[in-house]
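> Handing over protein.txt, compact mmCIF, C-alpha atoms.
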```txt
# COMPACT_ATOMS: atom_id res chain seq x y z
CA MET A 1 21.16 36.96 1.52
CA SER A 2 20.56 34.24 -1.08
CA GLY A 3 16.79 34.17 -0.69
CA PHE A 4 16.90 30.37 -0.44
CA ASP A 5 14.61 29.10 2.28
CA LYS A 6 13.64 25.55 1.31
CA SER A 7 13.81 22.79 3.89
CA LYS A 8 12.55 19.24 4.11
CA GLY A 9 12.49 16.41 6.61
CA VAL A 10 12.24 12.75 5.62
CA VAL A 11 11.27 9.96 8.02
CA PHE A 12 12.23 6.36 7.16
CA PRO A 13 11.80 3.07 8.97
CA ARG A 14 14.99 2.76 11.04
CA ASN A 15 15.11 -1.02 10.86
CA VAL A 16 13.77 -3.30 8.11
CA LEU A 17 13.97 -7.04 8.68
CA LEU A 18 12.90 -9.39 5.89
CA GLY A 19 13.33 -13.14 5.80
CA HIS A 20 12.49 -16.58 7.12
CA ASN A 21 11.41 -17.13 10.75
CA ILE A 22 12.19 -13.63 12.03
CA LEU A 23 9.09 -12.96 14.16
CA CYS A 24 11.22 -13.76 17.19
CA ARG A 25 13.32 -10.67 16.50
CA ALA A 26 10.51 -8.33 17.61
CA VAL A 27 11.95 -8.42 21.14
CA GLU A 28 15.42 -7.55 19.84
CA VAL A 29 14.03 -4.62 17.83
CA CYS A 30 12.07 -3.24 20.79
CA ASP A 31 15.10 -3.63 23.05
CA ASP A 32 17.32 -1.83 20.53
CA PHE A 33 14.88 1.08 20.45
CA ARG A 34 14.75 1.05 24.28
CA PHE A 35 10.96 0.97 24.26
CA PRO A 36 9.20 1.16 27.63
CA LYS A 37 7.82 -2.18 28.78
CA THR A 38 4.12 -1.55 28.04
CA GLY A 39 2.70 -1.69 24.51
CA ILE A 40 -0.45 -2.47 22.56
CA MET A 41 -0.83 -4.93 19.69
CA ILE A 42 -3.23 -4.07 16.87
CA THR A 43 -4.37 -7.27 15.19
CA GLY A 44 -7.39 -9.34 14.12
CA ASP A 45 -8.65 -12.77 15.08
CA GLU A 46 -6.96 -14.61 12.22
CA THR A 47 -3.79 -12.54 12.18
CA TYR A 48 -3.40 -13.04 15.92
CA LYS A 49 -3.42 -16.78 15.29
CA ALA A 50 -1.04 -16.43 12.33
CA ALA A 51 1.61 -14.34 14.09
CA GLY A 52 0.27 -12.19 16.91
CA ARG A 53 0.20 -14.87 19.58
CA GLU A 54 3.82 -15.85 18.88
CA VAL A 55 4.97 -12.22 19.01
CA ARG A 56 3.05 -11.58 22.23
CA ASP A 57 4.44 -14.70 23.91
CA ASP A 58 7.99 -13.74 22.93
CA MET A 59 7.53 -10.17 24.16
CA GLU A 60 5.93 -11.13 27.48
CA GLY A 61 8.57 -13.81 28.00
CA SER A 62 11.12 -11.01 27.82
CA GLY A 63 9.46 -8.76 30.38
CA TYR A 64 7.11 -6.70 28.19
CA GLU A 65 3.41 -6.22 28.90
CA ILE A 66 1.45 -6.38 25.63
CA HIS A 67 -2.25 -5.51 25.49
CA VAL A 68 -3.98 -7.13 22.52
CA HIS A 69 -6.58 -5.07 20.67
CA ARG A 70 -8.46 -7.02 18.01
CA THR A 71 -10.05 -4.78 15.43
CA GLY A 72 -11.71 -4.80 12.02
CA ALA A 73 -11.90 -2.47 9.04
CA ALA A 74 -9.73 0.64 8.68
CA THR A 75 -12.34 3.16 9.78
CA PHE A 76 -11.89 6.30 11.83
CA PHE A 77 -14.28 4.83 14.41
CA ASN A 78 -12.00 1.81 14.90
CA ALA A 79 -8.97 4.09 15.05
CA GLU A 80 -10.58 6.06 17.88
CA LYS A 81 -11.27 2.84 19.79
CA ILE A 82 -7.60 1.89 19.48
CA ILE A 83 -6.48 5.32 20.66
CA SER A 84 -8.81 5.09 23.66
CA ASP A 85 -7.57 1.59 24.54
CA ALA A 86 -3.93 2.65 24.23
CA LEU A 87 -4.51 5.59 26.57
CA GLU A 88 -6.36 3.45 29.12
CA THR A 89 -3.56 0.87 29.18
CA ASP A 90 -0.84 3.55 29.18
CA SER A 91 0.76 1.89 26.16
CA LYS A 92 3.99 3.48 24.97
CA PHE A 93 4.37 1.74 21.60
CA ILE A 94 2.28 -0.17 19.05
CA LEU A 95 2.86 -3.52 17.37
CA ALA A 96 0.78 -3.79 14.18
CA VAL A 97 0.38 -7.48 13.37
CA GLY A 98 -1.79 -8.11 10.34
CA GLY A 99 -2.59 -7.02 6.83
CA GLY A 100 -3.11 -3.56 5.38
CA THR A 101 -6.10 -2.56 7.50
CA LYS A 102 -4.41 -3.35 10.81
CA ILE A 103 -1.23 -1.54 9.79
CA ASP A 104 -3.19 1.48 8.53
CA LEU A 105 -5.09 1.70 11.83
CA ALA A 106 -1.83 1.46 13.76
CA LYS A 107 -0.32 4.26 11.66
CA VAL A 108 -3.22 6.57 12.41
CA ALA A 109 -3.22 5.73 16.13
CA SER A 110 0.55 6.14 16.32
CA ASN A 111 0.30 9.56 14.69
CA GLU A 112 -2.44 10.72 17.07
CA LEU A 113 -0.78 9.35 20.19
CA HIS A 114 2.77 10.38 19.25
CA ILE A 115 4.09 6.93 20.09
CA PRO A 116 6.16 4.68 17.77
CA PHE A 117 4.85 1.60 16.00
CA ILE A 118 6.34 -1.48 14.40
CA SER A 119 4.84 -2.94 11.23
CA ILE A 120 4.64 -6.76 11.28
CA PRO A 121 2.76 -7.78 8.12
CA THR A 122 1.05 -11.15 7.84
CA SER A 123 0.17 -10.50 4.20
CA ALA A 124 1.17 -7.98 1.53
CA ALA A 125 -1.83 -6.82 -0.48
CA HIS A 126 -0.38 -3.32 -1.03
CA ASP A 127 2.70 -1.19 -0.34
CA GLY A 128 1.42 0.46 2.84
CA ILE A 129 3.59 -1.83 4.97
CA SER A 130 6.37 0.76 5.17
CA SER A 131 4.74 4.06 4.21
CA GLY A 132 3.55 7.07 6.17
CA ARG A 133 0.16 7.14 4.46
CA ALA A 134 -2.98 5.32 5.59
CA SER A 135 -5.99 4.38 3.48
CA MET A 136 -9.12 4.82 5.59
CA LYS A 137 -12.73 4.04 4.79
CA SER A 138 -15.20 6.90 4.98
CA ASP A 139 -18.72 7.80 3.88
CA ILE A 140 -17.32 9.14 0.60
CA GLY A 141 -15.12 6.10 -0.07
CA PRO A 142 -11.44 5.47 0.73
CA VAL A 143 -9.38 8.49 1.77
CA SER A 144 -5.60 8.72 2.05
CA VAL A 145 -4.44 10.43 5.23
CA GLU A 146 -1.07 11.41 6.63
CA ALA A 147 0.05 9.00 9.34
CA SER A 148 3.15 7.68 11.08
CA VAL A 149 5.98 5.89 9.32
CA PRO A 150 6.78 2.62 11.10
CA MET A 151 9.92 2.75 13.22
CA ALA A 152 10.64 -0.79 12.02
CA VAL A 153 9.28 -3.39 9.62
CA ILE A 154 9.51 -7.10 10.46
CA ALA A 155 8.36 -9.07 7.41
CA ASP A 156 8.57 -12.81 7.99
CA THR A 157 8.40 -14.55 4.61
CA SER A 158 7.30 -17.83 6.18
CA VAL A 159 4.28 -16.08 7.73
CA ILE A 160 3.34 -14.18 4.58
CA LEU A 161 3.62 -17.41 2.56
CA ARG A 162 0.76 -18.87 4.63
CA SER A 163 -1.60 -16.05 3.65
CA SER A 164 -3.67 -16.18 0.47
CA TYR A 165 -1.49 -15.87 -2.63
CA ARG A 166 -4.18 -13.60 -4.07
CA LEU A 167 -3.11 -10.95 -1.54
CA LEU A 168 0.54 -11.12 -2.58
CA ALA A 169 -0.42 -10.94 -6.27
CA ALA A 170 -2.52 -7.86 -5.49
CA GLY A 171 0.44 -6.29 -3.68
CA CYS A 172 2.62 -6.89 -6.73
CA ALA A 173 -0.02 -5.33 -8.98
CA ASP A 174 -0.20 -2.31 -6.68
CA VAL A 175 3.56 -1.78 -7.03
CA ILE A 176 3.47 -2.28 -10.81
CA SER A 177 0.98 0.60 -10.88
CA ASN A 178 3.78 2.94 -9.77
CA LEU A 179 4.80 3.26 -13.42
CA THR A 180 1.70 5.21 -14.43
CA ALA A 181 1.62 7.06 -11.10
CA VAL A 182 5.08 8.45 -11.82
CA MET A 183 4.08 9.34 -15.39
CA ASP A 184 1.13 11.30 -14.01
CA TRP A 185 3.39 13.00 -11.48
CA ARG A 186 5.83 14.09 -14.19
CA LEU A 187 2.89 15.38 -16.24
CA ALA A 188 1.73 17.44 -13.27
CA LYS A 189 5.27 18.75 -12.84
CA ASN A 190 5.49 19.81 -16.48
CA LEU A 191 1.98 21.23 -16.86
CA ARG A 192 1.16 22.42 -13.34
CA ASN A 193 4.61 23.03 -11.89
CA GLU A 194 3.94 20.51 -9.14
CA GLU A 195 6.83 19.75 -6.79
CA PHE A 196 8.67 16.62 -7.90
CA SER A 197 11.27 14.34 -6.33
CA ARG A 198 13.70 12.44 -8.56
CA SER A 199 14.76 10.30 -5.60
CA ALA A 200 11.19 9.22 -4.87
CA GLU A 201 10.65 8.62 -8.58
CA ALA A 202 13.75 6.42 -8.79
CA LEU A 203 12.69 4.20 -5.89
CA SER A 204 9.13 3.98 -7.17
CA VAL A 205 10.20 2.97 -10.67
CA TYR A 206 12.81 0.54 -9.32
CA SER A 207 10.06 -1.19 -7.32
CA SER A 208 7.80 -1.56 -10.35
CA GLU A 209 10.55 -2.74 -12.67
CA SER A 210 11.77 -5.24 -10.09
CA ILE A 211 8.32 -6.85 -9.86
CA ILE A 212 7.91 -6.86 -13.64
CA GLY A 213 11.42 -8.27 -14.16
CA HIS A 214 10.74 -11.14 -11.75
CA SER A 215 7.09 -11.66 -12.71
CA LYS A 216 7.69 -15.15 -14.10
CA GLU A 217 9.31 -16.19 -10.80
CA ILE A 218 6.47 -14.98 -8.56
CA HIS A 219 3.91 -17.73 -8.07
CA PRO A 220 1.97 -19.53 -5.31
CA ASP A 221 3.51 -21.85 -2.71
CA SER A 222 7.01 -20.40 -2.93
CA GLU A 223 8.70 -18.55 -0.09
CA TYR A 224 11.31 -17.36 -2.57
CA SER A 225 8.49 -15.67 -4.50
CA VAL A 226 7.48 -13.88 -1.30
CA TRP A 227 11.11 -12.78 -0.85
CA LEU A 228 11.27 -11.43 -4.41
CA ALA A 229 7.98 -9.53 -4.03
CA MET A 230 8.43 -8.13 -0.53
CA ARG A 231 11.62 -6.17 -1.15
CA PRO A 232 10.12 -3.89 -3.86
CA ILE A 233 6.82 -3.68 -1.95
CA ILE A 234 8.69 -2.27 1.06
CA VAL A 235 10.84 0.07 -1.07
CA SER A 236 7.71 1.35 -2.81
CA GLY A 237 6.31 2.44 0.54
CA ILE A 238 9.57 4.19 1.39
CA SER A 239 9.31 6.23 -1.82
CA MET A 240 6.23 7.90 -0.31
CA SER A 241 8.26 8.95 2.73
CA ILE A 242 10.77 10.67 0.46
CA ALA A 243 8.03 12.43 -1.52
CA GLY A 244 6.07 13.39 1.56
CA SER A 245 2.93 12.22 -0.22
CA SER A 246 1.52 9.22 -2.10
CA ARG A 247 2.36 10.83 -5.46
CA PRO A 248 5.08 8.34 -6.53
CA THR A 249 2.70 5.40 -6.01
CA SER A 250 -0.76 6.78 -6.72
CA GLY A 251 -2.02 8.36 -9.93
CA SER A 252 -4.82 7.92 -12.43
CA GLU A 253 -4.83 4.14 -11.96
CA HIS A 254 -5.61 4.68 -8.27
CA LEU A 255 -8.37 7.16 -9.14
CA PHE A 256 -9.86 4.42 -11.32
CA SER A 257 -9.63 1.98 -8.40
CA HIS A 258 -11.21 4.46 -5.98
CA ALA A 259 -14.06 5.02 -8.45
CA LEU A 260 -14.66 1.26 -8.49
CA ASP A 261 -14.64 1.25 -4.68
CA ILE A 262 -17.44 3.81 -4.69
CA LEU A 263 -19.46 2.25 -7.50
CA HIS A 264 -18.88 -1.42 -6.66
CA PRO A 265 -17.45 -1.68 -3.14
CA GLY A 266 -15.91 -4.96 -2.03
CA THR A 267 -15.86 -6.61 -5.45
CA ALA A 268 -12.08 -6.82 -5.98
CA LEU A 269 -8.93 -6.01 -4.04
CA HIS A 270 -7.36 -2.56 -4.21
CA GLY A 271 -4.15 -3.81 -5.85
CA GLU A 272 -6.07 -5.89 -8.37
CA GLN A 273 -8.06 -2.84 -9.46
CA CYS A 274 -4.93 -0.71 -9.64
CA GLY A 275 -3.23 -3.32 -11.84
CA VAL A 276 -6.07 -3.26 -14.36
CA GLY A 277 -6.13 0.54 -14.10
CA THR A 278 -2.44 0.61 -14.98
CA ILE A 279 -3.10 -1.20 -18.24
CA LEU A 280 -5.69 1.42 -19.16
CA MET A 281 -3.66 4.44 -18.07
CA MET A 282 -0.46 3.20 -19.70
CA TYR A 283 -2.38 3.09 -22.98
CA LEU A 284 -3.51 6.70 -22.46
CA HIS A 285 0.11 7.68 -21.77
CA GLY A 286 1.18 6.00 -25.02
CA GLY A 287 3.35 3.48 -23.13
CA ASP A 288 3.84 -0.28 -23.35
CA TRP A 289 0.57 -1.44 -21.83
CA MET A 290 1.08 -4.98 -23.14
CA ASN A 291 4.19 -5.31 -20.98
CA ILE A 292 2.07 -4.41 -17.94
CA ARG A 293 -0.63 -6.86 -18.96
CA ASN A 294 1.85 -9.67 -19.50
CA ALA A 295 3.51 -9.10 -16.12
CA LEU A 296 0.15 -9.16 -14.33
CA GLU A 297 -0.78 -12.38 -16.12
CA ASN A 298 2.57 -13.93 -15.17
CA ILE A 299 1.91 -13.16 -11.50
CA GLY A 300 -1.71 -14.32 -11.68
CA ALA A 301 -3.32 -10.93 -11.08
CA PRO A 302 -6.51 -9.87 -12.95
CA VAL A 303 -6.19 -8.17 -16.33
CA ASN A 304 -9.84 -7.67 -17.30
CA ALA A 305 -13.32 -6.90 -16.02
CA LYS A 306 -14.40 -10.54 -15.76
CA GLN A 307 -11.40 -11.47 -13.61
CA LEU A 308 -12.21 -8.54 -11.33
CA GLY A 309 -15.75 -9.84 -10.97
CA LEU A 310 -17.14 -6.83 -12.86
CA LYS A 311 -19.19 -6.17 -15.97
CA ASP A 312 -17.92 -4.23 -18.98
CA ASP A 313 -20.13 -1.27 -18.14
CA ASP A 314 -18.69 -1.17 -14.62
CA ILE A 315 -15.22 -0.52 -16.07
CA ILE A 316 -16.53 2.18 -18.40
CA ASP A 317 -18.44 3.84 -15.57
CA ALA A 318 -15.33 3.95 -13.38
CA LEU A 319 -13.17 5.29 -16.22
CA THR A 320 -15.56 8.16 -16.88
CA GLU A 321 -15.90 8.95 -13.17
CA ALA A 322 -12.24 8.61 -12.11
CA HIS A 323 -11.22 12.23 -12.82
CA ASN A 324 -13.74 13.40 -10.21
CA ILE A 325 -11.84 11.59 -7.46
CA ARG A 326 -9.21 13.80 -5.79
CA LYS A 327 -9.69 16.76 -8.12
CA GLU A 328 -6.52 18.37 -6.75
CA ARG A 329 -4.38 15.54 -8.17
CA PHE A 330 -3.66 16.21 -11.86
CA THR A 331 -3.26 13.08 -14.02
CA ILE A 332 -3.48 11.94 -17.63
CA LEU A 333 -7.28 12.06 -17.20
CA GLY A 334 -7.09 15.86 -17.07
CA ASP A 335 -9.74 18.06 -15.54
CA HIS A 336 -12.62 16.77 -17.62
CA GLY A 337 -11.95 13.04 -17.85
CA LEU A 338 -12.91 10.69 -20.66
CA SER A 339 -16.11 10.59 -22.65
CA ARG A 340 -18.02 7.32 -22.47
CA GLU A 341 -17.13 6.56 -26.07
CA THR A 342 -13.41 7.10 -25.45
CA ALA A 343 -13.49 5.06 -22.24
CA GLU A 344 -15.09 2.14 -24.03
CA ALA A 345 -12.59 2.35 -26.90
CA VAL A 346 -9.64 2.35 -24.49
CA ALA A 347 -11.02 -0.58 -22.52
CA ARG A 348 -11.68 -2.62 -25.66
CA THR A 349 -8.33 -1.85 -27.25
CA THR A 350 -6.47 -2.97 -24.11
CA MET A 351 -8.69 -6.08 -23.80
CA VAL A 352 -9.91 -5.03 -20.35
CA ILE A 353 -13.48 -5.56 -21.64
```
Kindly present the structure from the file in structure tokens form.

Amino acid sequence: MSGFDKSKGVVFPRNVLLGHNILCRAVEVCDDFRFPKTGIMITGDETYKAAGREVRDDMEGSGYEIHVHRTGAATFFNAEKIISDALETDSKFILAVGGGTKIDLAKVASNELHIPFISIPTSAAHDGISSGRASMKSDIGPVSVEASVPMAVIADTSVILRSSYRLLAAGCADVISNLTAVMDWRLAKNLRNEEFSRSAEALSVYSSESIIGHSKEIHPDSEYSVWLAMRPIIVSGISMSIAGSSRPTSGSEHLFSHALDILHPGTALHGEQCGVGTILMMYLHGGDWMNIRNALENIGAPVNAKQLGLKDDDIIDALTEAHNIRKERFTILGDHGLSRETAEAVARTTMVI
């Protein structure tokens, strides 16, 4: 007997379609998977107009019955309403048509119902498009929960182009933040013997470096920019599937963002906050924080408190509070965090305040 007993399963999206005018291929994907003919679409009012109606018309024109469930924020209450609706309509699969909140809700419902779902993003504000993690709102702030990996991703660049460029820039910033997340993960491996995946690390870092390398080519009103950004955004989500957690994409910079969500909810986008957090945490790691800052500026993402709509003290407050978020996740902030004096010095040195 060798004594070796490790095992691991990894779930990936089985089909990823990215490109111009590909919404019509939803029928083809569902046919290929041999889905039953009854499904539910999770969407919102605006995202239904942007893409949901077209997808529903195509599906119903091909013999499918699609129940449309319009929903709002990614809360557990809304997830329960979706689950109830899916059961009442005897839906056998889910089409998630919308931004991050709609896809997160679909992931949770899919996981609870044990039915497959297809991710059809209308915007790309973060890398959850292809991951098996969902960010849900709760009384204590955002929480990351295990959920279903989409069976397929259909990302139509012409649809995403019509969404606010601010969302795409935030998605790019969220992927750039992988660099400090991976540094934190390696630190936890070295100091706390945390399980580590080189494969997940490689995909995560590739995603970040791809965005940074193309940062001067990513700008508003360009479908090619959407194409350049979406590939690493999707790959970043897949890195979480390999790791079996959000570790390769979420570290101290995300703790900083979550602290801002608690202290100043709704002020800036998640990816925007993570981008600024990456500047700060890269400095603490002794890395090239100016390279991060320059890439964010190239893309048009915020790099300081003012651009986030925050005051200097708000940044300092979040920096000193961040280590208290997800205490089980070891990062460069350590167990005791930063003093107020250190937090201010870091923020001033990196020109965040």
> Within 9 Å of Ile218 in chain A, counting only C-alpha atoms, which residues show up once you throw out same-chain ones fewer than 4 positions away? Write them as a PyMOL selection string, please.
chain A and resi 169+211+214+222+224-226+228-229+298-300
> Just C-alpha atoms for this one: save the residues we selected as an mmCIF file, in the frame of the given file.

```
data_model
loop_
_atom_site.group_PDB
_atom_site.id
_atom_site.type_symbol
_atom_site.label_atom_id
_atom_site.label_comp_id
_atom_site.auth_asym_id
_atom_site.auth_seq_id
_atom_site.Cartn_x
_atom_site.Cartn_y
_atom_site.Cartn_z
ATOM 1 C CA ALA A 169 -0.420 -10.940 -6.270
ATOM 2 C CA ILE A 211 8.320 -6.850 -9.860
ATOM 3 C CA HIS A 214 10.740 -11.140 -11.750
ATOM 4 C CA SER A 222 7.010 -20.400 -2.930
ATOM 5 C CA TYR A 224 11.310 -17.360 -2.570
ATOM 6 C CA SER A 225 8.490 -15.670 -4.500
ATOM 7 C CA VAL A 226 7.480 -13.880 -1.300
ATOM 8 C CA LEU A 228 11.270 -11.430 -4.410
ATOM 9 C CA ALA A 229 7.980 -9.530 -4.030
ATOM 10 C CA ASN A 298 2.570 -13.930 -15.170
ATOM 11 C CA ILE A 299 1.910 -13.160 -11.500
ATOM 12 C CA GLY A 300 -1.710 -14.320 -11.680
#
```
> Do you know which residues are at most 9 Å from range 172-177 of chain A counting only C-alpha atoms, after dropping those on the same chain fewer than 5 positions away, and could you put them as an MDAnalysis selection string?
chainID A and resid 124:127 167 182 204:205 207:212 215 229:230 232:233 236 249:251 253:254 270:279 292 295:296 299 301:302
> Could you check the closest approach to Asp288 in chain A for each of A:Thr350, A:Tyr64, A:Asp261, A:Leu17 and tell me which residue wins, using only C-alpha atoms?
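For Asp288 in chain A, the nearest of the given residues is A:Thr350.
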> Can you measure CA of Ser84 in chain A to CA of Arg70 in chain A for me? One decimal in Å is fine.
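Computing it gives 13.4 Å between the two atoms.
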> Can you pull out every residue within 7 Å of Asp184 in chain A, counting all atoms listed in the file, but drop anything in the same chain fewer than 3 positions away, and send it as a PDB file with C-alpha atoms, keeping the file's coordinate frame?

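Full text of part.pdb as output:
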```
ATOM      1  CA  THR A 180       1.700   5.210 -14.430  1.00  0.00           C
ATOM      2  CA  ALA A 181       1.620   7.060 -11.100  1.00  0.00           C
ATOM      3  CA  LEU A 187       2.890  15.380 -16.240  1.00  0.00           C
ATOM      4  CA  ALA A 188       1.730  17.440 -13.270  1.00  0.00           C
ATOM      5  CA  GLY A 251      -2.020   8.360  -9.930  1.00  0.00           C
ATOM      6  CA  THR A 331      -3.260  13.080 -14.020  1.00  0.00           C
ATOM      7  CA  ILE A 332      -3.480  11.940 -17.630  1.00  0.00           C
TER       8      ILE A 332
END
```
> Grab the CA of Ile234 in chain A to CA of Leu260 in chain A distance for me, in Å with one decimal place.
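Those two atoms sit 25.5 Å apart.
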> Quick one: residues within 10 Å of (6.3, 16.7, 2.8) (file frame), counting all atoms listed in the file, please, as a VMD selection string.
chain A and resid 7 to 11 146 240 to 245
> I'd like to know which of A:Glu201, A:Ile140, A:Phe4, A:Val149 is closest to Ile103 in chain A, using all atoms listed in the file.
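The closest residue to Ile103 in chain A is A:Val149.
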> Missing atoms in range 325-333 of chain A: fill them in up to all heavy atoms and send the result as a tab-separated table (two decimals), keeping the file's coordinate frame.

```
chain	number	residue	atom	x	y	z
A	325	ILE	N	-12.42	11.99	-8.73
A	325	ILE	CA	-11.84	11.59	-7.46
A	325	ILE	C	-10.56	12.41	-7.25
A	325	ILE	O	-9.73	12.51	-8.13
A	325	ILE	CB	-11.50	10.09	-7.45
A	325	ILE	CG1	-12.67	9.25	-7.95
A	325	ILE	CG2	-11.03	9.65	-6.06
A	325	ILE	CD1	-13.88	9.24	-7.08
A	326	ARG	N	-10.40	13.00	-6.10
A	326	ARG	CA	-9.21	13.80	-5.79
A	326	ARG	C	-8.92	14.82	-6.89
A	326	ARG	O	-7.91	14.74	-7.59
A	326	ARG	CB	-7.99	12.89	-5.58
A	326	ARG	CG	-8.12	11.93	-4.41
A	326	ARG	CD	-6.76	11.42	-3.93
A	326	ARG	NE	-5.99	12.50	-3.34
A	326	ARG	CZ	-4.80	12.33	-2.75
A	326	ARG	NH1	-4.26	11.13	-2.72
A	326	ARG	NH2	-4.14	13.34	-2.22
A	327	LYS	N	-9.79	15.76	-7.04
A	327	LYS	CA	-9.69	16.76	-8.12
A	327	LYS	C	-8.38	17.54	-8.07
A	327	LYS	O	-7.93	18.07	-9.08
A	327	LYS	CB	-10.88	17.73	-8.03
A	327	LYS	CG	-12.23	17.08	-8.27
A	327	LYS	CD	-12.48	16.76	-9.72
A	327	LYS	CE	-12.84	17.98	-10.52
A	327	LYS	NZ	-13.20	17.67	-11.92
A	328	GLU	N	-7.77	17.60	-6.87
A	328	GLU	CA	-6.52	18.37	-6.75
A	328	GLU	C	-5.33	17.63	-7.35
A	328	GLU	O	-4.26	18.22	-7.53
A	328	GLU	CB	-6.25	18.69	-5.27
A	328	GLU	CG	-5.63	17.57	-4.45
A	328	GLU	CD	-6.60	16.44	-4.08
A	328	GLU	OE1	-7.79	16.57	-4.41
A	328	GLU	OE2	-6.16	15.46	-3.46
A	329	ARG	N	-5.49	16.34	-7.65
A	329	ARG	CA	-4.38	15.54	-8.17
A	329	ARG	C	-4.48	15.44	-9.69
A	329	ARG	O	-5.31	14.72	-10.24
A	329	ARG	CB	-4.39	14.15	-7.53
A	329	ARG	CG	-3.28	13.24	-8.03
A	329	ARG	CD	-2.91	12.17	-7.03
A	329	ARG	NE	-2.21	12.74	-5.87
A	329	ARG	CZ	-1.64	12.02	-4.91
A	329	ARG	NH1	-1.69	10.70	-4.96
A	329	ARG	NH2	-1.02	12.60	-3.90
A	330	PHE	N	-3.62	16.18	-10.39
A	330	PHE	CA	-3.66	16.21	-11.86
A	330	PHE	C	-3.04	14.93	-12.42
A	330	PHE	O	-1.97	14.51	-12.01
A	330	PHE	CB	-2.92	17.42	-12.39
A	330	PHE	CG	-3.04	17.60	-13.87
A	330	PHE	CD1	-4.21	18.07	-14.43
A	330	PHE	CD2	-1.99	17.26	-14.71
A	330	PHE	CE1	-4.34	18.22	-15.81
A	330	PHE	CE2	-2.10	17.41	-16.08
A	330	PHE	CZ	-3.28	17.89	-16.63
A	331	THR	N	-3.72	14.32	-13.39
A	331	THR	CA	-3.26	13.08	-14.02
A	331	THR	C	-3.53	13.13	-15.51
A	331	THR	O	-4.05	14.13	-16.04
A	331	THR	CB	-3.98	11.85	-13.42
A	331	THR	OG1	-5.35	11.84	-13.88
A	331	THR	CG2	-3.94	11.85	-11.90
A	332	ILE	N	-3.24	12.06	-16.18
A	332	ILE	CA	-3.48	11.94	-17.63
A	332	ILE	C	-4.96	12.09	-17.95
A	332	ILE	O	-5.32	12.42	-19.09
A	332	ILE	CB	-2.95	10.58	-18.16
A	332	ILE	CG1	-2.94	10.54	-19.68
A	332	ILE	CG2	-3.78	9.43	-17.59
A	332	ILE	CD1	-1.95	11.49	-20.32
A	333	LEU	N	-5.84	11.92	-16.97
A	333	LEU	CA	-7.28	12.06	-17.20
A	333	LEU	C	-7.69	13.52	-17.32
A	333	LEU	O	-8.81	13.81	-17.77
A	333	LEU	CB	-8.06	11.39	-16.06
A	333	LEU	CG	-7.88	9.88	-15.92
A	333	LEU	CD1	-8.55	9.37	-14.65
A	333	LEU	CD2	-8.42	9.16	-17.15
```
